[in-house]
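Student: Encoded as structure tokens, here's the structure I'll be asking about.
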Number of protein chains: 4
Amino acid sequence: MDRGRLETFSDGVIAIIITIMVLEMKVPHGDGLNELLPLLPVFLSYVLSFVYVGIYWNNHHHMLHTCTRVTGAILWANLHLLFWLSLFPFATGWMGENSFAAVPTALYGVVLLMAAIAYYVLERAIIRVQGPDSVLKKAVGRDWKGKLSPVLYIVAIVATLGSPWIAEALFVAAALIWLIPDRRIENILPRIEA
Amino acid sequence: MDRGRLETFSDGVIAIIITIMVLEMKVPHGDGLNELLPLLPVFLSYVLSFVYVGIYWNNHHHMLHTCTRVTGAILWANLHLLFWLSLFPFATGWMGENSFAAVPTALYGVVLLMAAIAYYVLERAIIRVQGPDSVLKKAVGRDWKGKLSPVLYIVAIVATLGSPWIAEALFVAAALIWLIPDRRIENILPRIEA
Amino acid sequence: MDRGRLETFSDGVIAIIITIMVLEMKVPHGDGLNELLPLLPVFLSYVLSFVYVGIYWNNHHHMLHTCTRVTGAILWANLHLLFWLSLFPFATGWMGENSFAAVPTALYGVVLLMAAIAYYVLERAIIRVQGPDSVLKKAVGRDWKGKLSPVLYIVAIVATLGSPWIAEALFVAAALIWLIPDRRIENILPRIEA
Amino acid sequence: MDRGRLETFSDGVIAIIITIMVLEMKVPHGDGLNELLPLLPVFLSYVLSFVYVGIYWNNHHHMLHTCTRVTGAILWANLHLLFWLSLFPFATGWMGENSFAAVPTALYGVVLLMAAIAYYVLERAIIRVQGPDSVLKKAVGRDWKGKLSPVLYIVAIVATLGSPWIAEALFVAAALIWLIPDRRIENILPRIEA
């Protein structure tokens, strides 16, 4: 099993996910500017999810780049990650259509949490195959981002009991942490390849 | 005709199928937790079909990997398989929306059966082109999985006359049999390539 | 401009077209077998269009394979072909939902005709770039299939004034003519490459 | 980060955008020729957007071809461009369904403007990475097309206050300017590579 087809398939699925999310923004029937106002929360949800899927695509690329041998475990860990990412359009649409109400916001947090866990599982699967000298293990290091994000998502889910806006702020914060491209792998790779 | 473009096209179609299935899970209008309950059968159908399409993608990849020459027969046998896979979103949506009722469950079984037959036809087409020393023929061996699955699907279709739940159990069982990655081809390939 | 990206992009668009067509087959709300009956014309339209798009993908691949230099003219002739192919889901859905009524069947014929013309224009653009010793020109020869199909489509469009079933029969006949893979290019290519 | 995966992902997203736009052209329920008349503005909007997305795909390809090193800035500038392109189906559908009414036409102009700005930002990001001897910088030269288009879009947005038809004419004009393939990069590249 070569890495190439795994990358191509994952890219295809992620490209479709990021694009069909926009279909949740239904074309309004009227033609006034006021027709756009109720779409604002749907639009903002879409922006947030677009950034998240972009982050996953970016980091997924860096991670797979270190993966030289694809086993059955890696393949299914990857499909497991794609499964949770495929729920983004649903969770985004529900949160947006209900203007960031508590329960849909909590569900959005659950999907983010499950995707983060799936990403972590895939990371461990690749590291396990690479053995004691794992390039990826060195690259992620203590992986504070990977450990902090799920905590933020859990806090956000609980926070929806109080106010969903705290949760939204935490989702944005977690995204910002990741928006800074993962220099860990970028930095270590050239040293190891040299 | 090179294998590469056949793989890319198949991957594209499979990536779209696996992703648009989630569109059958319509965003509910209310924002309560109780809105999610009626979606549970749709979600479970989606999980089952996601796993099935994942299995097809995985095994399809292994099978095509042994295929060095693409003939018109292989090309159309491949499109025939993609055709039946493309009916997964419809069959999944119908079964899920009707909470695993008898007739939609039977139709789901028919689509599974036709996809299994199409897969077998493609397998034979590749083996025929490879001739008497076919790598794929050695790899699949007696192909007990490929022969057992259609039987399970037929039993499941008939079982919907009694209870659709027997059928669902058989669908899950057949998926579990395949979830174990196809080590037959993985094992024999290195020996032959060596 | 390299051929590779043109192929990848075309494959992506064709893969999406062939897959979203199935979305026109709406999941019925009831769970009885009788719910499927009204879907039969939609299903048959889908089968016909699936075969047509498969034929286009197959022949498009063979044709591009002979194309070593991509000019602006080829690029836009290719996008022009993809444009008409992108109308297949609409034309298929309209014809299917109206059980092969006259006007939707005529529109389906118009889309087939425009796609055939677009294919011919692309073929000429590639031949023009290849110059007097064009590999593609030798391969297509007198191109009787490419000349007969548009005639069949025009006859079919006119025939819908009488009975749409004559038109459907002509669509099936034209598809069968093409279903036989384009051995002309397959046969000549090895001789030329040798 | 290699350019290949960035191209593949962008091609995938653009292929999906160009294809799902057609889904905004809803299949009418009746079967008369008069059913198609109200779809004419939707169809014309689709044609315009198809051409625009085709132009972006074409120029994007040429631009990325000069890009030898992909940084985090380039990656996110590219995702930013894809984000605005992903709003084409929505803006196209809204403008078409309202027969080119003023406000939807203005929004269409806003999306065109933002995409043009995003394209410019990506261009600058690539030039910055390439340094003082930037191939892309030489290729785009004074970049009069890239500077004129946003001006045309802004004029068009303002013009919708008077008549949306002036705006539509400007959108068509701006498309025609770009339809002529970007020979600047095509011309300079061989000289530089030589």
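Naming works like this for the structure tokens: A, B, ... for the chains as they're shown, residue 1 at the start of each chain, ligands 1 onward in shown order.
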Applying 9 Å and only C-alpha atoms, which residues near Val111 (chain A) remain after dropping the ones on its own chain fewer than 4 positions away? List them as a ChimeraX atom specification.
Tutor: /A:84-85,87-88,91,106-107,115-116
Student: I need the chosen residues saved as a PDB file, in the first residue's frame, with C-alpha atoms.
Tutor:
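As written to disk, result-v6.pdb reads:
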ATOM      1  CA  TRP A  84     -15.585  12.560  11.804  1.00  0.00           C
ATOM      2  CA  LEU A  85     -14.518  15.275   9.359  1.00  0.00           C
ATOM      3  CA  LEU A  87     -19.821  15.205   9.937  1.00  0.00           C
ATOM      4  CA  PHE A  88     -18.593  18.829   9.773  1.00  0.00           C
ATOM      5  CA  ALA A  91     -22.754  20.010  12.591  1.00  0.00           C
ATOM      6  CA  ALA A 106     -22.335  21.427  21.949  1.00  0.00           C
ATOM      7  CA  LEU A 107     -22.737  18.918  19.125  1.00  0.00           C
ATOM      8  CA  ALA A 115     -11.977  14.530  15.033  1.00  0.00           C
ATOM      9  CA  ALA A 116      -9.150  15.585  17.382  1.00  0.00           C
TER      10      ALA A 116
END
Student: Given a cut-off of 12 Å, which residues of chain A touch chain C, counting only C-alpha atoms, written out as a PyMOL selection string?
Tutor: chain A and resi 8-9+11-13+15-16+20
Student: Store the residues of this selection in a file with all heavy atoms, as an mmCIF file, in the first residue's frame.
Tutor:
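Contents of part15.cif, as written:
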data_model
loop_
_atom_site.group_PDB
_atom_site.id
_atom_site.type_symbol
_atom_site.label_atom_id
_atom_site.label_comp_id
_atom_site.auth_asym_id
_atom_site.auth_seq_id
_atom_site.Cartn_x
_atom_site.Cartn_y
_atom_site.Cartn_z
ATOM 1 N N THR A 8 -4.149 10.947 -1.961
ATOM 2 C CA THR A 8 -5.096 11.379 -2.992
ATOM 3 C C THR A 8 -6.527 11.192 -2.516
ATOM 4 O O THR A 8 -7.371 12.081 -2.657
ATOM 5 C CB THR A 8 -4.893 10.555 -4.285
ATOM 6 O OG1 THR A 8 -3.518 10.554 -4.611
ATOM 7 C CG2 THR A 8 -5.686 11.136 -5.433
ATOM 8 N N PHE A 9 -6.818 10.013 -1.934
ATOM 9 C CA PHE A 9 -8.174 9.736 -1.478
ATOM 10 C C PHE A 9 -8.557 10.700 -0.353
ATOM 11 O O PHE A 9 -9.653 11.286 -0.372
ATOM 12 C CB PHE A 9 -8.272 8.285 -1.000
ATOM 13 C CG PHE A 9 -9.657 7.882 -0.602
ATOM 14 C CD1 PHE A 9 -10.623 7.673 -1.561
ATOM 15 C CD2 PHE A 9 -9.989 7.715 0.727
ATOM 16 C CE1 PHE A 9 -11.910 7.298 -1.204
ATOM 17 C CE2 PHE A 9 -11.274 7.343 1.097
ATOM 18 C CZ PHE A 9 -12.233 7.135 0.133
ATOM 19 N N ASP A 11 -7.323 13.669 0.282
ATOM 20 C CA ASP A 11 -7.476 15.003 -0.303
ATOM 21 C C ASP A 11 -8.821 15.141 -0.997
ATOM 22 O O ASP A 11 -9.488 16.173 -0.882
ATOM 23 C CB ASP A 11 -6.357 15.264 -1.327
ATOM 24 C CG ASP A 11 -5.105 15.757 -0.634
ATOM 25 O OD1 ASP A 11 -5.077 15.728 0.609
ATOM 26 O OD2 ASP A 11 -4.173 16.168 -1.321
ATOM 27 N N GLY A 12 -9.211 14.091 -1.715
ATOM 28 C CA GLY A 12 -10.500 14.123 -2.397
ATOM 29 C C GLY A 12 -11.632 14.286 -1.405
ATOM 30 O O GLY A 12 -12.492 15.164 -1.561
ATOM 31 N N VAL A 13 -11.631 13.453 -0.354
ATOM 32 C CA VAL A 13 -12.709 13.520 0.638
ATOM 33 C C VAL A 13 -12.707 14.890 1.324
ATOM 34 O O VAL A 13 -13.767 15.530 1.467
ATOM 35 C CB VAL A 13 -12.561 12.382 1.677
ATOM 36 C CG1 VAL A 13 -13.528 12.569 2.823
ATOM 37 C CG2 VAL A 13 -12.785 11.029 1.009
ATOM 38 N N ALA A 15 -11.510 17.739 0.192
ATOM 39 C CA ALA A 15 -11.927 18.761 -0.779
ATOM 40 C C ALA A 15 -13.445 18.785 -0.919
ATOM 41 O O ALA A 15 -14.058 19.859 -1.010
ATOM 42 C CB ALA A 15 -11.273 18.500 -2.141
ATOM 43 N N ILE A 16 -14.071 17.596 -0.910
ATOM 44 C CA ILE A 16 -15.530 17.541 -1.043
ATOM 45 C C ILE A 16 -16.189 18.078 0.226
ATOM 46 O O ILE A 16 -17.138 18.856 0.165
ATOM 47 C CB ILE A 16 -15.994 16.102 -1.340
ATOM 48 C CG1 ILE A 16 -15.384 15.621 -2.654
ATOM 49 C CG2 ILE A 16 -17.511 16.029 -1.415
ATOM 50 C CD1 ILE A 16 -15.368 14.119 -2.794
ATOM 51 N N ILE A 20 -18.881 21.023 0.079
ATOM 52 C CA ILE A 20 -20.330 20.821 0.215
ATOM 53 C C ILE A 20 -20.867 21.522 1.455
ATOM 54 O O ILE A 20 -22.069 21.747 1.555
ATOM 55 C CB ILE A 20 -20.764 19.330 0.203
ATOM 56 C CG1 ILE A 20 -20.177 18.552 1.369
ATOM 57 C CG2 ILE A 20 -20.463 18.676 -1.113
ATOM 58 C CD1 ILE A 20 -20.751 17.142 1.477
#
Student: What's the 9 Å shell around Ile177 (chain C), counting only C-alpha atoms, without same-chain residues fewer than 4 positions away, as a PDB file with N, CA, C and O atoms, in the first residue's frame?
Tutor:
ATOM      1  N   LYS C 145     -17.966   7.024 -36.181  1.00  0.00           N
ATOM      2  CA  LYS C 145     -18.754   7.093 -34.943  1.00  0.00           C
ATOM      3  C   LYS C 145     -19.031   8.544 -34.558  1.00  0.00           C
ATOM      4  O   LYS C 145     -20.149   8.913 -34.212  1.00  0.00           O
ATOM      5  N   SER C 149     -23.020   9.802 -34.599  1.00  0.00           N
ATOM      6  CA  SER C 149     -23.732  10.088 -33.347  1.00  0.00           C
ATOM      7  C   SER C 149     -24.540  11.380 -33.413  1.00  0.00           C
ATOM      8  O   SER C 149     -25.734  11.369 -33.088  1.00  0.00           O
ATOM      9  N   VAL C 172     -30.120   4.912 -26.958  1.00  0.00           N
ATOM     10  CA  VAL C 172     -29.524   3.629 -26.557  1.00  0.00           C
ATOM     11  C   VAL C 172     -28.642   3.096 -27.683  1.00  0.00           C
ATOM     12  O   VAL C 172     -27.512   2.624 -27.445  1.00  0.00           O
ATOM     13  N   ALA C 173     -29.127   3.212 -28.937  1.00  0.00           N
ATOM     14  CA  ALA C 173     -28.351   2.724 -30.073  1.00  0.00           C
ATOM     15  C   ALA C 173     -27.017   3.457 -30.183  1.00  0.00           C
ATOM     16  O   ALA C 173     -25.967   2.837 -30.366  1.00  0.00           O
TER      17      ALA C 173
END
Student: Just the residues within 9 Å of Val155 (chain C), please, counting only C-alpha atoms, with nothing from its chain fewer than 5 positions along; format it as a VMD selection string.
Tutor: chain C and resid 150 160 167 170
Student: Output C-alpha atoms for every residue in that selection, as a compact mmCIF listing (two decimals), in the first residue's frame.
Tutor:
# COMPACT_ATOMS: atom_id res chain seq x y z
CA PRO C 150 -24.73 13.76 -33.84
CA THR C 160 -39.80 13.42 -30.04
CA ALA C 167 -35.73 9.05 -29.41
CA LEU C 170 -31.82 6.10 -30.75
Student: Have a look at CA of Val27 (chain A) and CA of Ile14 (chain D) and let me know their distance in Å, one decimal.
Tutor: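 So the answer is 20.0 Å.
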Student: Using only C-alpha atoms, pick whichever of B:Val151, B:Leu75, B:Met25, B:Val129 has the shortest atom-to-atom distance to Pro89 (chain B).
Tutor: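 Under the stated criterion, the closest residue is B:Met25.
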Student: Write out as a ChimeraX atom specification the set of residues from region 53-116 of chain A that DSSP, computed on the backbone, places in helix (DSSP H, G or I).
Tutor: /A:53-65,72-86,88-97,102-116
Student: Name the closest residue to Gly93 (chain B) among the candidates B:Ala175, B:Ala156, B:Ile18, B:Val42; distances are taken between atoms, counting only C-alpha atoms.
Tutor: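 Distance minimum relative to Gly93 (chain B) lands on B:Val42.
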Student: Write out as a ChimeraX atom specification the residues lying within 8 Å of region 119-123 of chain B, counting only C-alpha atoms and excluding same-chain residues fewer than 4 positions away.
Tutor: /B:63,74,77-78,81,115,127,136,146
